[in-house]
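Heads up, my_file07.txt below (compact mmCIF, C-alpha atoms):
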```
# COMPACT_ATOMS: atom_id res chain seq x y z
CA MET A 936 3.43 -11.06 1.87
CA ASN A 937 6.22 -11.92 -0.57
CA LYS A 938 8.02 -9.01 -2.16
CA HIS A 939 7.03 -8.59 -5.82
CA GLU A 940 9.99 -9.40 -8.11
CA LEU A 941 9.28 -6.12 -9.90
CA ILE A 942 10.42 -4.25 -6.77
CA ASP A 943 13.78 -6.08 -6.99
CA ALA A 944 14.13 -4.75 -10.54
CA ILE A 945 13.43 -1.18 -9.40
CA GLU A 946 15.87 -1.47 -6.50
CA ARG A 947 18.58 -2.82 -8.82
CA ALA A 948 17.96 0.17 -11.12
CA ASP A 949 18.22 2.63 -8.23
CA GLN A 950 21.50 1.00 -7.21
CA ALA A 951 22.74 1.32 -10.81
CA ILE A 952 21.80 5.04 -10.80
CA ASN A 953 23.52 5.62 -7.47
CA GLN A 954 26.67 3.88 -8.75
CA ARG A 955 26.49 5.63 -12.19
CA ASN A 956 26.47 2.17 -13.80
CA LEU A 957 24.81 2.95 -17.15
CA ALA A 958 25.18 -0.58 -18.56
CA ALA A 959 23.36 -2.12 -15.59
CA LEU A 960 20.76 0.65 -15.69
CA MET A 961 19.97 0.06 -19.37
CA ASP A 962 19.04 -3.58 -18.65
CA PHE A 963 16.16 -2.15 -16.58
CA TYR A 964 14.55 -0.71 -19.74
CA GLU A 965 12.85 -2.43 -22.66
CA GLU A 966 14.55 -1.61 -25.98
CA ASP A 967 11.65 0.68 -27.04
CA ALA A 968 10.95 2.18 -23.60
CA THR A 969 10.21 5.88 -22.99
CA LEU A 970 11.69 8.03 -20.21
CA VAL A 971 10.10 11.33 -19.21
CA ILE A 972 13.16 13.60 -18.86
CA GLU A 973 10.89 16.44 -17.79
CA PRO A 974 7.20 17.06 -18.52
CA GLY A 975 6.84 17.32 -22.30
CA ARG A 976 10.41 16.12 -23.00
CA LEU A 977 10.92 12.41 -23.69
CA ALA A 978 13.82 10.06 -24.34
CA ARG A 979 12.72 7.22 -26.63
CA GLY A 980 14.60 3.92 -26.73
CA ARG A 981 17.63 2.70 -24.76
CA SER A 982 20.17 4.81 -26.62
CA GLU A 983 18.34 8.12 -25.98
CA ILE A 984 17.66 7.06 -22.37
CA ALA A 985 21.35 6.33 -21.74
CA LYS A 986 22.26 9.74 -23.17
CA ALA A 987 19.65 11.42 -20.94
CA PHE A 988 21.02 9.74 -17.80
CA LYS A 989 24.55 10.75 -18.69
CA THR A 990 23.34 14.36 -18.85
CA ILE A 991 21.40 13.96 -15.57
CA PHE A 992 24.47 12.50 -13.81
CA ASP A 993 26.59 15.41 -15.03
CA PHE A 994 23.91 17.92 -14.04
CA PHE A 995 24.06 16.64 -10.45
CA ASN A 996 27.89 16.52 -10.49
CA GLN A 997 27.87 12.70 -10.13
CA GLY A 998 26.24 13.16 -6.69
CA LEU A 999 22.69 11.91 -7.39
CA VAL A 1000 21.17 9.48 -4.87
CA VAL A 1001 17.74 7.94 -5.51
CA THR A 1002 15.68 5.98 -2.98
CA GLN A 1003 12.15 4.70 -3.52
CA ARG A 1004 9.56 3.12 -1.21
CA ASP A 1005 5.83 2.34 -0.74
CA PHE A 1006 5.50 0.43 -4.01
CA HIS A 1007 1.89 -0.09 -5.08
CA ILE A 1008 1.64 -2.52 -8.00
CA ILE A 1009 -1.46 -3.08 -10.17
CA GLU A 1010 -1.26 -5.80 -12.82
CA GLY A 1011 -3.62 -6.03 -15.80
CA GLY A 1012 -3.61 -6.89 -19.51
CA GLY A 1013 -0.12 -8.38 -19.34
CA VAL A 1014 1.52 -5.25 -17.89
CA ALA A 1015 1.99 -3.71 -14.44
CA LEU A 1016 1.45 -0.16 -13.25
CA VAL A 1017 3.63 0.97 -10.34
CA VAL A 1018 3.05 4.00 -8.14
CA CYS A 1019 5.52 4.81 -5.35
CA ASN A 1020 7.32 7.51 -3.40
CA LEU A 1021 10.71 8.68 -4.65
CA LYS A 1022 13.33 10.71 -2.86
CA LEU A 1023 16.13 12.28 -4.82
CA THR A 1024 19.10 13.98 -3.19
CA ALA A 1025 22.25 15.40 -4.66
CA GLU A 1026 25.35 16.80 -3.03
CA GLY A 1027 26.51 19.82 -4.95
CA ARG A 1028 30.17 20.69 -5.48
CA GLU A 1029 30.12 23.35 -2.80
CA SER A 1030 28.42 21.05 -0.27
CA SER A 1031 24.97 22.41 -1.08
CA THR A 1032 22.36 19.65 -0.99
CA VAL A 1033 19.35 19.36 -3.28
CA SER A 1034 16.42 17.23 -2.16
CA MET A 1035 13.17 16.42 -3.99
CA GLU A 1036 10.23 14.09 -3.45
CA ARG A 1037 8.03 12.76 -6.24
CA GLN A 1038 5.34 10.16 -6.82
CA PRO A 1039 6.45 8.37 -9.98
CA THR A 1040 4.33 6.19 -12.26
CA TYR A 1041 5.97 3.31 -14.13
CA VAL A 1042 4.68 0.73 -16.59
CA PHE A 1043 6.42 -2.67 -16.71
CA ARG A 1044 6.15 -5.89 -18.69
CA LYS A 1045 7.70 -9.25 -17.95
CA SER A 1046 10.18 -9.99 -20.75
CA GLU A 1047 10.61 -13.38 -22.40
CA ASP A 1048 13.75 -13.96 -20.32
CA GLY A 1049 11.61 -13.73 -17.17
CA ASP A 1050 12.85 -10.29 -16.05
CA TRP A 1051 10.49 -7.36 -15.58
CA ARG A 1052 11.50 -4.39 -17.72
CA CYS A 1053 10.30 -0.80 -17.74
CA LEU A 1054 8.22 0.35 -20.74
CA ILE A 1055 7.40 3.85 -19.48
CA ASP A 1056 9.36 5.72 -16.79
CA ASN A 1057 7.45 8.79 -15.66
CA SER A 1058 9.12 9.89 -12.43
CA TYR A 1059 6.88 12.99 -12.36
CA GLY A 1060 3.62 11.03 -12.01
CA ALA A 1061 0.58 13.32 -12.23
CA ASP A 1062 2.84 16.38 -11.98
CA VAL A 1063 3.22 16.17 -15.76
CA LEU A 1064 -0.21 17.90 -15.76
CA ASN A 1065 0.97 20.82 -13.65
CA MET A 1066 4.41 21.38 -15.14
CA ARG A 1067 3.75 21.27 -18.87
CA ARG A 1068 6.02 23.53 -20.86
CA SER A 1069 4.27 25.81 -23.27
CA THR A 1070 4.77 24.57 -26.82
CA GLY A 1071 3.25 27.55 -28.55
CA MET C 1014 -2.18 19.40 -32.89
CA ASN C 1015 -4.43 16.48 -33.79
CA LYS C 1016 -6.40 14.90 -31.00
CA HIS C 1017 -4.99 11.50 -30.03
CA GLU C 1018 -7.44 8.71 -30.95
CA LEU C 1019 -7.00 7.37 -27.43
CA ILE C 1020 -8.85 10.45 -26.12
CA ASP C 1021 -11.80 9.54 -28.34
CA ALA C 1022 -11.87 6.11 -26.68
CA ILE C 1023 -11.89 7.68 -23.20
CA GLU C 1024 -14.63 10.12 -24.16
CA ARG C 1025 -16.76 7.28 -25.58
CA ALA C 1026 -16.29 5.40 -22.30
CA ASP C 1027 -17.33 8.45 -20.25
CA GLN C 1028 -20.43 8.78 -22.42
CA ALA C 1029 -21.20 5.09 -21.86
CA ILE C 1030 -20.85 5.58 -18.08
CA ASN C 1031 -23.08 8.65 -18.12
CA GLN C 1032 -25.72 6.72 -20.13
CA ARG C 1033 -25.31 3.54 -17.98
CA ASN C 1034 -24.54 1.65 -21.22
CA LEU C 1035 -22.57 -1.31 -19.81
CA ALA C 1036 -22.21 -3.09 -23.18
CA ALA C 1037 -20.61 -0.03 -24.79
CA LEU C 1038 -18.48 0.53 -21.69
CA MET C 1039 -17.10 -3.03 -21.74
CA ASP C 1040 -15.73 -2.51 -25.27
CA PHE C 1041 -13.41 0.10 -23.71
CA TYR C 1042 -11.61 -2.62 -21.71
CA GLU C 1043 -9.29 -5.39 -22.83
CA GLU C 1044 -10.62 -8.84 -21.86
CA ASP C 1045 -7.98 -9.23 -19.09
CA ALA C 1046 -8.02 -5.60 -17.90
CA THR C 1047 -7.94 -4.54 -14.25
CA LEU C 1048 -10.11 -1.83 -12.66
CA VAL C 1049 -9.18 -0.28 -9.30
CA ILE C 1050 -12.59 -0.21 -7.54
CA GLU C 1051 -10.96 1.47 -4.55
CA PRO C 1052 -7.34 1.36 -3.35
CA GLY C 1053 -6.49 -2.27 -2.60
CA ARG C 1054 -9.70 -3.63 -4.20
CA LEU C 1055 -9.53 -4.73 -7.83
CA ALA C 1056 -11.93 -6.03 -10.48
CA ARG C 1057 -10.07 -8.39 -12.86
CA GLY C 1058 -11.41 -9.08 -16.36
CA ARG C 1059 -14.46 -7.72 -18.20
CA SER C 1060 -17.01 -9.73 -16.25
CA GLU C 1061 -15.82 -8.52 -12.82
CA ILE C 1062 -15.48 -4.96 -14.18
CA ALA C 1063 -19.08 -4.98 -15.48
CA LYS C 1064 -20.29 -6.20 -12.09
CA ALA C 1065 -18.30 -3.46 -10.34
CA PHE C 1066 -19.81 -0.74 -12.55
CA LYS C 1067 -23.31 -2.06 -11.94
CA THR C 1068 -22.66 -1.69 -8.20
CA ILE C 1069 -21.15 1.79 -8.70
CA PHE C 1070 -24.17 2.91 -10.77
CA ASP C 1071 -26.53 1.66 -8.05
CA PHE C 1072 -24.42 3.29 -5.33
CA PHE C 1073 -24.87 6.68 -7.03
CA ASN C 1074 -28.60 6.02 -7.67
CA GLN C 1075 -28.04 6.02 -11.45
CA GLY C 1076 -27.01 9.69 -11.17
CA LEU C 1077 -23.26 9.46 -11.83
CA VAL C 1078 -21.74 11.94 -14.30
CA VAL C 1079 -18.06 11.70 -15.28
CA THR C 1080 -16.08 14.31 -17.20
CA GLN C 1081 -12.35 14.21 -17.93
CA ARG C 1082 -9.90 16.72 -19.39
CA ASP C 1083 -6.19 17.70 -19.70
CA PHE C 1084 -5.13 14.35 -21.14
CA HIS C 1085 -1.37 13.80 -21.03
CA ILE C 1086 -0.33 10.73 -23.05
CA ILE C 1087 3.09 9.04 -22.92
CA GLU C 1088 3.69 6.14 -25.33
CA GLY C 1089 6.44 3.55 -24.88
CA GLY C 1090 7.09 -0.18 -25.31
CA GLY C 1091 3.85 -0.67 -27.27
CA VAL C 1092 1.57 0.78 -24.57
CA ALA C 1093 0.39 4.24 -23.53
CA LEU C 1094 0.22 5.83 -20.09
CA VAL C 1095 -2.51 8.46 -19.63
CA VAL C 1096 -2.71 11.00 -16.81
CA CYS C 1097 -5.63 13.43 -16.69
CA ASN C 1098 -8.09 15.33 -14.51
CA LEU C 1099 -11.41 13.68 -13.68
CA LYS C 1100 -14.54 15.25 -12.25
CA LEU C 1101 -17.24 13.04 -10.86
CA THR C 1102 -20.62 14.35 -9.81
CA ALA C 1103 -23.74 12.55 -8.67
CA GLU C 1104 -27.21 13.80 -7.95
CA GLY C 1105 -28.56 12.03 -4.91
CA ARG C 1106 -32.18 11.02 -4.49
CA GLU C 1107 -32.92 13.93 -2.18
CA SER C 1108 -31.27 16.46 -4.52
CA SER C 1109 -27.98 16.30 -2.60
CA THR C 1110 -25.02 16.55 -4.95
CA VAL C 1111 -21.72 14.73 -4.53
CA SER C 1112 -18.66 16.08 -6.35
CA MET C 1113 -15.10 14.70 -6.49
CA GLU C 1114 -11.94 15.46 -8.43
CA ARG C 1115 -9.20 12.92 -9.11
CA GLN C 1116 -6.07 12.52 -11.23
CA PRO C 1117 -6.45 9.06 -12.78
CA THR C 1118 -3.73 6.96 -14.36
CA TYR C 1119 -4.62 4.60 -17.21
CA VAL C 1120 -2.61 2.13 -19.29
CA PHE C 1121 -3.78 1.42 -22.86
CA ARG C 1122 -2.74 -0.79 -25.74
CA LYS C 1123 -3.85 -0.62 -29.37
CA SER C 1124 -5.78 -3.82 -30.11
CA GLU C 1125 -5.44 -5.82 -33.31
CA ASP C 1126 -8.73 -4.29 -34.56
CA GLY C 1127 -7.09 -0.85 -34.39
CA ASP C 1128 -9.00 0.38 -31.32
CA TRP C 1129 -7.20 1.48 -28.15
CA ARG C 1130 -8.35 -0.52 -25.12
CA CYS C 1131 -7.73 -0.02 -21.43
CA LEU C 1132 -5.45 -2.53 -19.66
CA ILE C 1133 -5.37 -0.84 -16.25
CA ASP C 1134 -7.95 1.66 -15.00
CA ASN C 1135 -6.70 3.36 -11.83
CA SER C 1136 -8.95 6.40 -11.36
CA TYR C 1137 -7.25 7.10 -8.02
CA GLY C 1138 -3.82 7.77 -9.53
CA ALA C 1139 -1.16 8.23 -6.85
CA ASP C 1140 -3.88 8.43 -4.17
CA VAL C 1141 -3.67 4.63 -3.98
CA LEU C 1142 -0.60 5.33 -1.83
CA ASN C 1143 -2.49 7.50 0.64
CA MET C 1144 -5.74 5.54 0.88
CA ARG C 1145 -4.54 1.98 1.28
CA ARG C 1146 -6.80 -0.13 3.41
CA SER C 1147 -5.05 -2.06 6.13
CA THR C 1148 -4.84 -5.72 5.22
CA GLY C 1149 -3.50 -6.91 8.56
```
Written as structure tokens, how would this file's structure read?
Amino acid sequence: MNKHELIDAIERADQAINQRNLAALMDFYEEDATLVIEPGRLARGRSEIAKAFKTIFDFFNQGLVVTQRDFHIIEGGGVALVVCNLKLTAEGRESSTVSMERQPTYVFRKSEDGDWRCLIDNSYGADVLNMRRSTG
Amino acid sequence: MNKHELIDAIERADQAINQRNLAALMDFYEEDATLVIEPGRLARGRSEIAKAFKTIFDFFNQGLVVTQRDFHIIEGGGVALVVCNLKLTAEGRESSTVSMERQPTYVFRKSEDGDWRCLIDNSYGADVLNMRRSTG
């Protein structure tokens, strides 16, 4: 089975994250995309998303490493839904290591230039239901 | 907080399922929508989706009841991602009852007539990763 070109886009984005290359990473997102920073907290549009990643990179002391696998892609109505497994590790300053696994959900659309771009980046998947912050 | 009009659309669809009203149910879907019948098996477009629901209704002996709650909606790039909790029960012919819970993922877009319609209906959510049928 041929590899879906959307997976190439995701792998390029992971590489951009792991190299802290914000300019390359922003090309992964549609101009009016939304990133779930944490359940209930969103970054809307490329400029807010870039700011959020800068904060995330700092939070992990520039040691964040993202790898993703098991991509399941469902296309319909001109968009594509992606479910996969994500592993996130970070080396702390005092050689402590953080490791997390998630099952993200992404929505993509093929842009006019032929590249797939992310419309919604929800790395928490269904966990948004279990981790909602109280807004009362 | 006002109820998102997308939730009304989902609740109308659930009512249509519970009343076996295929015509009303089809209005919930965009013409080129995709339904995940089971992981790895898709119905593409309204006509295949209607056929799939007819089979599902027969499979549950016209006793299927769907209820959904805890809708979490993330909008971006002109579409909306919905994650929620689904409960599915069915009374069998010999008064046996089947009950299942799932965390579906849906993608919606607002149509030109102002109604939200489903582009991708994946009632299995991230379980598509764990239940893939071998295709070897």
*asked:* Report, in Å to a single decimal, how far apart CA of Tyr1041 (chain A) and CA of Ala1037 (chain C) are.
replied: 28.8 Å
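Residue nearest chain C within the list A:Gly980, A:Gly998, A:Gly975, A:Gly1012: A:Gly1012 [criterion: smallest interatomic distance, only C-alpha atoms].
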Lay chain C over chain A using all C-alpha atoms, matched one to one in order, with a least-squares fit; then write it out as a PDB file with C-alpha atoms, keeping the file's coordinate frame.
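Result written to selection.pdb:
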```pdb
ATOM      1  CA  MET C1014       3.452 -11.093   1.899  1.00  0.00           C
ATOM      2  CA  ASN C1015       6.229 -11.907  -0.556  1.00  0.00           C
ATOM      3  CA  LYS C1016       8.016  -9.008  -2.158  1.00  0.00           C
ATOM      4  CA  HIS C1017       7.029  -8.590  -5.810  1.00  0.00           C
ATOM      5  CA  GLU C1018       9.984  -9.380  -8.107  1.00  0.00           C
ATOM      6  CA  LEU C1019       9.275  -6.111  -9.893  1.00  0.00           C
ATOM      7  CA  ILE C1020      10.428  -4.250  -6.757  1.00  0.00           C
ATOM      8  CA  ASP C1021      13.761  -6.066  -6.985  1.00  0.00           C
ATOM      9  CA  ALA C1022      14.131  -4.744 -10.541  1.00  0.00           C
ATOM     10  CA  ILE C1023      13.428  -1.171  -9.396  1.00  0.00           C
ATOM     11  CA  GLU C1024      15.863  -1.465  -6.504  1.00  0.00           C
ATOM     12  CA  ARG C1025      18.582  -2.802  -8.836  1.00  0.00           C
ATOM     13  CA  ALA C1026      17.961   0.176 -11.130  1.00  0.00           C
ATOM     14  CA  ASP C1027      18.224   2.638  -8.222  1.00  0.00           C
ATOM     15  CA  GLN C1028      21.505   1.011  -7.216  1.00  0.00           C
ATOM     16  CA  ALA C1029      22.752   1.333 -10.802  1.00  0.00           C
ATOM     17  CA  ILE C1030      21.812   5.044 -10.806  1.00  0.00           C
ATOM     18  CA  ASN C1031      23.525   5.635  -7.471  1.00  0.00           C
ATOM     19  CA  GLN C1032      26.683   3.882  -8.770  1.00  0.00           C
ATOM     20  CA  ARG C1033      26.477   5.635 -12.203  1.00  0.00           C
ATOM     21  CA  ASN C1034      26.463   2.152 -13.794  1.00  0.00           C
ATOM     22  CA  LEU C1035      24.799   2.959 -17.143  1.00  0.00           C
ATOM     23  CA  ALA C1036      25.187  -0.578 -18.554  1.00  0.00           C
ATOM     24  CA  ALA C1037      23.370  -2.120 -15.581  1.00  0.00           C
ATOM     25  CA  LEU C1038      20.772   0.655 -15.685  1.00  0.00           C
ATOM     26  CA  MET C1039      19.980   0.060 -19.373  1.00  0.00           C
ATOM     27  CA  ASP C1040      19.046  -3.574 -18.644  1.00  0.00           C
ATOM     28  CA  PHE C1041      16.158  -2.151 -16.580  1.00  0.00           C
ATOM     29  CA  TYR C1042      14.541  -0.715 -19.737  1.00  0.00           C
ATOM     30  CA  GLU C1043      12.855  -2.432 -22.655  1.00  0.00           C
ATOM     31  CA  GLU C1044      14.556  -1.598 -25.975  1.00  0.00           C
ATOM     32  CA  ASP C1045      11.651   0.685 -27.046  1.00  0.00           C
ATOM     33  CA  ALA C1046      10.965   2.202 -23.608  1.00  0.00           C
ATOM     34  CA  THR C1047      10.220   5.880 -22.998  1.00  0.00           C
ATOM     35  CA  LEU C1048      11.704   8.032 -20.215  1.00  0.00           C
ATOM     36  CA  VAL C1049      10.091  11.340 -19.208  1.00  0.00           C
ATOM     37  CA  ILE C1050      13.174  13.601 -18.868  1.00  0.00           C
ATOM     38  CA  GLU C1051      10.907  16.449 -17.788  1.00  0.00           C
ATOM     39  CA  PRO C1052       7.217  17.064 -18.539  1.00  0.00           C
ATOM     40  CA  GLY C1053       6.844  17.331 -22.314  1.00  0.00           C
ATOM     41  CA  ARG C1054      10.415  16.122 -23.020  1.00  0.00           C
ATOM     42  CA  LEU C1055      10.919  12.422 -23.706  1.00  0.00           C
ATOM     43  CA  ALA C1056      13.834  10.061 -24.344  1.00  0.00           C
ATOM     44  CA  ARG C1057      12.707   7.213 -26.649  1.00  0.00           C
ATOM     45  CA  GLY C1058      14.607   3.911 -26.737  1.00  0.00           C
ATOM     46  CA  ARG C1059      17.634   2.697 -24.762  1.00  0.00           C
ATOM     47  CA  SER C1060      20.171   4.818 -26.609  1.00  0.00           C
ATOM     48  CA  GLU C1061      18.347   8.123 -25.981  1.00  0.00           C
ATOM     49  CA  ILE C1062      17.651   7.067 -22.370  1.00  0.00           C
ATOM     50  CA  ALA C1063      21.355   6.339 -21.738  1.00  0.00           C
ATOM     51  CA  LYS C1064      22.260   9.744 -23.162  1.00  0.00           C
ATOM     52  CA  ALA C1065      19.649  11.418 -20.946  1.00  0.00           C
ATOM     53  CA  PHE C1066      21.010   9.731 -17.805  1.00  0.00           C
ATOM     54  CA  LYS C1067      24.554  10.744 -18.687  1.00  0.00           C
ATOM     55  CA  THR C1068      23.345  14.358 -18.846  1.00  0.00           C
ATOM     56  CA  ILE C1069      21.399  13.961 -15.575  1.00  0.00           C
ATOM     57  CA  PHE C1070      24.465  12.493 -13.814  1.00  0.00           C
ATOM     58  CA  ASP C1071      26.592  15.414 -15.030  1.00  0.00           C
ATOM     59  CA  PHE C1072      23.901  17.919 -14.034  1.00  0.00           C
ATOM     60  CA  PHE C1073      24.051  16.634 -10.441  1.00  0.00           C
ATOM     61  CA  ASN C1074      27.891  16.515 -10.497  1.00  0.00           C
ATOM     62  CA  GLN C1075      27.864  12.710 -10.138  1.00  0.00           C
ATOM     63  CA  GLY C1076      26.250  13.172  -6.705  1.00  0.00           C
ATOM     64  CA  LEU C1077      22.708  11.926  -7.377  1.00  0.00           C
ATOM     65  CA  VAL C1078      21.178   9.496  -4.864  1.00  0.00           C
ATOM     66  CA  VAL C1079      17.750   7.944  -5.499  1.00  0.00           C
ATOM     67  CA  THR C1080      15.674   5.997  -2.985  1.00  0.00           C
ATOM     68  CA  GLN C1081      12.141   4.697  -3.519  1.00  0.00           C
ATOM     69  CA  ARG C1082       9.558   3.120  -1.222  1.00  0.00           C
ATOM     70  CA  ASP C1083       5.819   2.338  -0.739  1.00  0.00           C
ATOM     71  CA  PHE C1084       5.499   0.444  -4.015  1.00  0.00           C
ATOM     72  CA  HIS C1085       1.890  -0.076  -5.092  1.00  0.00           C
ATOM     73  CA  ILE C1086       1.626  -2.511  -8.023  1.00  0.00           C
ATOM     74  CA  ILE C1087      -1.476  -3.067 -10.176  1.00  0.00           C
ATOM     75  CA  GLU C1088      -1.282  -5.802 -12.833  1.00  0.00           C
ATOM     76  CA  GLY C1089      -3.634  -6.024 -15.815  1.00  0.00           C
ATOM     77  CA  GLY C1090      -3.634  -6.897 -19.524  1.00  0.00           C
ATOM     78  CA  GLY C1091      -0.118  -8.374 -19.329  1.00  0.00           C
ATOM     79  CA  VAL C1092       1.516  -5.232 -17.897  1.00  0.00           C
ATOM     80  CA  ALA C1093       1.992  -3.703 -14.450  1.00  0.00           C
ATOM     81  CA  LEU C1094       1.438  -0.144 -13.260  1.00  0.00           C
ATOM     82  CA  VAL C1095       3.639   0.975 -10.347  1.00  0.00           C
ATOM     83  CA  VAL C1096       3.053   4.018  -8.147  1.00  0.00           C
ATOM     84  CA  CYS C1097       5.517   4.812  -5.364  1.00  0.00           C
ATOM     85  CA  ASN C1098       7.329   7.512  -3.405  1.00  0.00           C
ATOM     86  CA  LEU C1099      10.718   8.684  -4.662  1.00  0.00           C
ATOM     87  CA  LYS C1100      13.340  10.718  -2.847  1.00  0.00           C
ATOM     88  CA  LEU C1101      16.131  12.292  -4.806  1.00  0.00           C
ATOM     89  CA  THR C1102      19.091  13.967  -3.168  1.00  0.00           C
ATOM     90  CA  ALA C1103      22.264  15.398  -4.636  1.00  0.00           C
ATOM     91  CA  GLU C1104      25.366  16.756  -3.007  1.00  0.00           C
ATOM     92  CA  GLY C1105      26.542  19.788  -4.911  1.00  0.00           C
ATOM     93  CA  ARG C1106      30.181  20.662  -5.449  1.00  0.00           C
ATOM     94  CA  GLU C1107      30.137  23.321  -2.751  1.00  0.00           C
ATOM     95  CA  SER C1108      28.454  21.003  -0.222  1.00  0.00           C
ATOM     96  CA  SER C1109      24.995  22.372  -1.059  1.00  0.00           C
ATOM     97  CA  THR C1110      22.385  19.629  -0.954  1.00  0.00           C
ATOM     98  CA  VAL C1111      19.380  19.365  -3.251  1.00  0.00           C
ATOM     99  CA  SER C1112      16.429  17.232  -2.139  1.00  0.00           C
ATOM    100  CA  MET C1113      13.179  16.418  -3.976  1.00  0.00           C
ATOM    101  CA  GLU C1114      10.237  14.096  -3.444  1.00  0.00           C
ATOM    102  CA  ARG C1115       8.043  12.768  -6.245  1.00  0.00           C
ATOM    103  CA  GLN C1116       5.335  10.165  -6.829  1.00  0.00           C
ATOM    104  CA  PRO C1117       6.456   8.374 -10.000  1.00  0.00           C
ATOM    105  CA  THR C1118       4.338   6.205 -12.261  1.00  0.00           C
ATOM    106  CA  TYR C1119       5.966   3.317 -14.129  1.00  0.00           C
ATOM    107  CA  VAL C1120       4.669   0.730 -16.598  1.00  0.00           C
ATOM    108  CA  PHE C1121       6.415  -2.668 -16.721  1.00  0.00           C
ATOM    109  CA  ARG C1122       6.137  -5.868 -18.706  1.00  0.00           C
ATOM    110  CA  LYS C1123       7.697  -9.253 -17.965  1.00  0.00           C
ATOM    111  CA  SER C1124      10.182  -9.985 -20.758  1.00  0.00           C
ATOM    112  CA  GLU C1125      10.600 -13.373 -22.403  1.00  0.00           C
ATOM    113  CA  ASP C1126      13.754 -13.954 -20.296  1.00  0.00           C
ATOM    114  CA  GLY C1127      11.594 -13.715 -17.160  1.00  0.00           C
ATOM    115  CA  ASP C1128      12.849 -10.287 -16.039  1.00  0.00           C
ATOM    116  CA  TRP C1129      10.481  -7.342 -15.574  1.00  0.00           C
ATOM    117  CA  ARG C1130      11.498  -4.372 -17.731  1.00  0.00           C
ATOM    118  CA  CYS C1131      10.305  -0.791 -17.752  1.00  0.00           C
ATOM    119  CA  LEU C1132       8.219   0.365 -20.743  1.00  0.00           C
ATOM    120  CA  ILE C1133       7.409   3.866 -19.486  1.00  0.00           C
ATOM    121  CA  ASP C1134       9.374   5.726 -16.813  1.00  0.00           C
ATOM    122  CA  ASN C1135       7.451   8.812 -15.681  1.00  0.00           C
ATOM    123  CA  SER C1136       9.117   9.905 -12.432  1.00  0.00           C
ATOM    124  CA  TYR C1137       6.885  12.995 -12.366  1.00  0.00           C
ATOM    125  CA  GLY C1138       3.634  11.046 -12.010  1.00  0.00           C
ATOM    126  CA  ALA C1139       0.591  13.317 -12.238  1.00  0.00           C
ATOM    127  CA  ASP C1140       2.852  16.390 -11.972  1.00  0.00           C
ATOM    128  CA  VAL C1141       3.208  16.188 -15.761  1.00  0.00           C
ATOM    129  CA  LEU C1142      -0.200  17.897 -15.748  1.00  0.00           C
ATOM    130  CA  ASN C1143       0.973  20.821 -13.636  1.00  0.00           C
ATOM    131  CA  MET C1144       4.422  21.372 -15.139  1.00  0.00           C
ATOM    132  CA  ARG C1145       3.744  21.247 -18.854  1.00  0.00           C
ATOM    133  CA  ARG C1146       5.987  23.491 -20.861  1.00  0.00           C
ATOM    134  CA  SER C1147       4.199  25.717 -23.317  1.00  0.00           C
ATOM    135  CA  THR C1148       4.685  24.446 -26.840  1.00  0.00           C
ATOM    136  CA  GLY C1149       3.097  27.414 -28.583  1.00  0.00           C
TER     137      GLY C1149
END
```
Report as CSV the residues of chain A within 9 Å of chain C, each with its shortest atom pair and distance in Å (one decimal), using all atoms listed in the file, ordered by chain and increasing residue number.
```
residue,atom,partner,partner_atom,distance
A:Glu965,CA,C:Gly1090,CA,6.7
A:Glu966,CA,C:Gly1090,CA,7.6
A:Asp967,CA,C:Gly1090,CA,5.0
A:Ala968,CA,C:Gly1090,CA,4.8
A:Thr969,CA,C:Gly1089,CA,4.8
A:Leu970,CA,C:Gly1089,CA,8.3
A:Val971,CA,C:Ile1087,CA,8.3
A:Leu977,CA,C:Ile1087,CA,8.6
A:Arg979,CA,C:Gly1089,CA,7.5
A:Gly980,CA,C:Gly1089,CA,8.4
A:Asp1005,CA,C:Leu1142,CA,7.2
A:Phe1006,CA,C:Leu1142,CA,8.1
A:His1007,CA,C:Leu1142,CA,6.8
A:Ile1009,CA,C:Ile1133,CA,7.6
A:Glu1010,CA,C:Thr1047,CA,6.9
A:Gly1011,CA,C:Thr1047,CA,4.8
A:Gly1012,CA,C:Leu1132,CA,4.7
A:Gly1013,CA,C:Asp1045,CA,7.9
A:Val1014,CA,C:Leu1132,CA,7.7
A:Ala1015,CA,C:Ile1133,CA,8.1
A:Leu1016,CA,C:Ile1133,CA,7.5
A:Val1018,CA,C:Ala1139,CA,6.1
A:Cys1019,CA,C:Leu1142,CA,7.1
A:Asn1020,CA,C:Leu1142,CA,8.4
A:Gln1038,CA,C:Ala1139,CA,6.8
A:Pro1039,CA,C:Ala1139,CA,8.2
A:Thr1040,CA,C:Ala1139,CA,8.0
A:Tyr1041,CA,C:Leu1094,CA,8.7
A:Val1042,CA,C:Leu1094,CA,7.6
A:Phe1043,CA,C:Gly1090,CA,9.0
A:Arg1044,CA,C:Gly1090,CA,8.8
A:Cys1053,CA,C:Gly1090,CA,8.2
A:Leu1054,CA,C:Gly1090,CA,4.7
A:Ile1055,CA,C:Gly1089,CA,5.5
A:Asp1056,CA,C:Gly1089,CA,8.9
A:Asn1057,CA,C:Ile1087,CA,8.5
A:Gly1060,CA,C:Ala1139,CA,7.6
A:Ala1061,CA,C:Val1096,CA,6.1
A:Val1063,CA,C:His1085,CA,7.4
A:Leu1064,CA,C:His1085,CA,6.8
```
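The space separating CA of Asn956 (chain A) from CA of Ala985 (chain A) comes to 10.3 Å.
For region 942-953 of chain A, the residues within 9 Å (counting only C-alpha atoms, excluding itself and residues fewer than 2 positions away along the chain) are Lys938, His939, Glu940, Arg955, Asn956, Leu957, Ala958, Ala959, Leu960, Met961, Asp962, Phe963, Phe988, Phe992, Gln997, Gly998, Leu999, Val1000, Val1001, Thr1002, Gln1003, Phe1006, Asp1050, Trp1051, Arg1052 and Cys1053 of chain A.
Put simply, CA of Leu941 (chain A) is 20.3 Å away from CA of Leu1023 (chain A).
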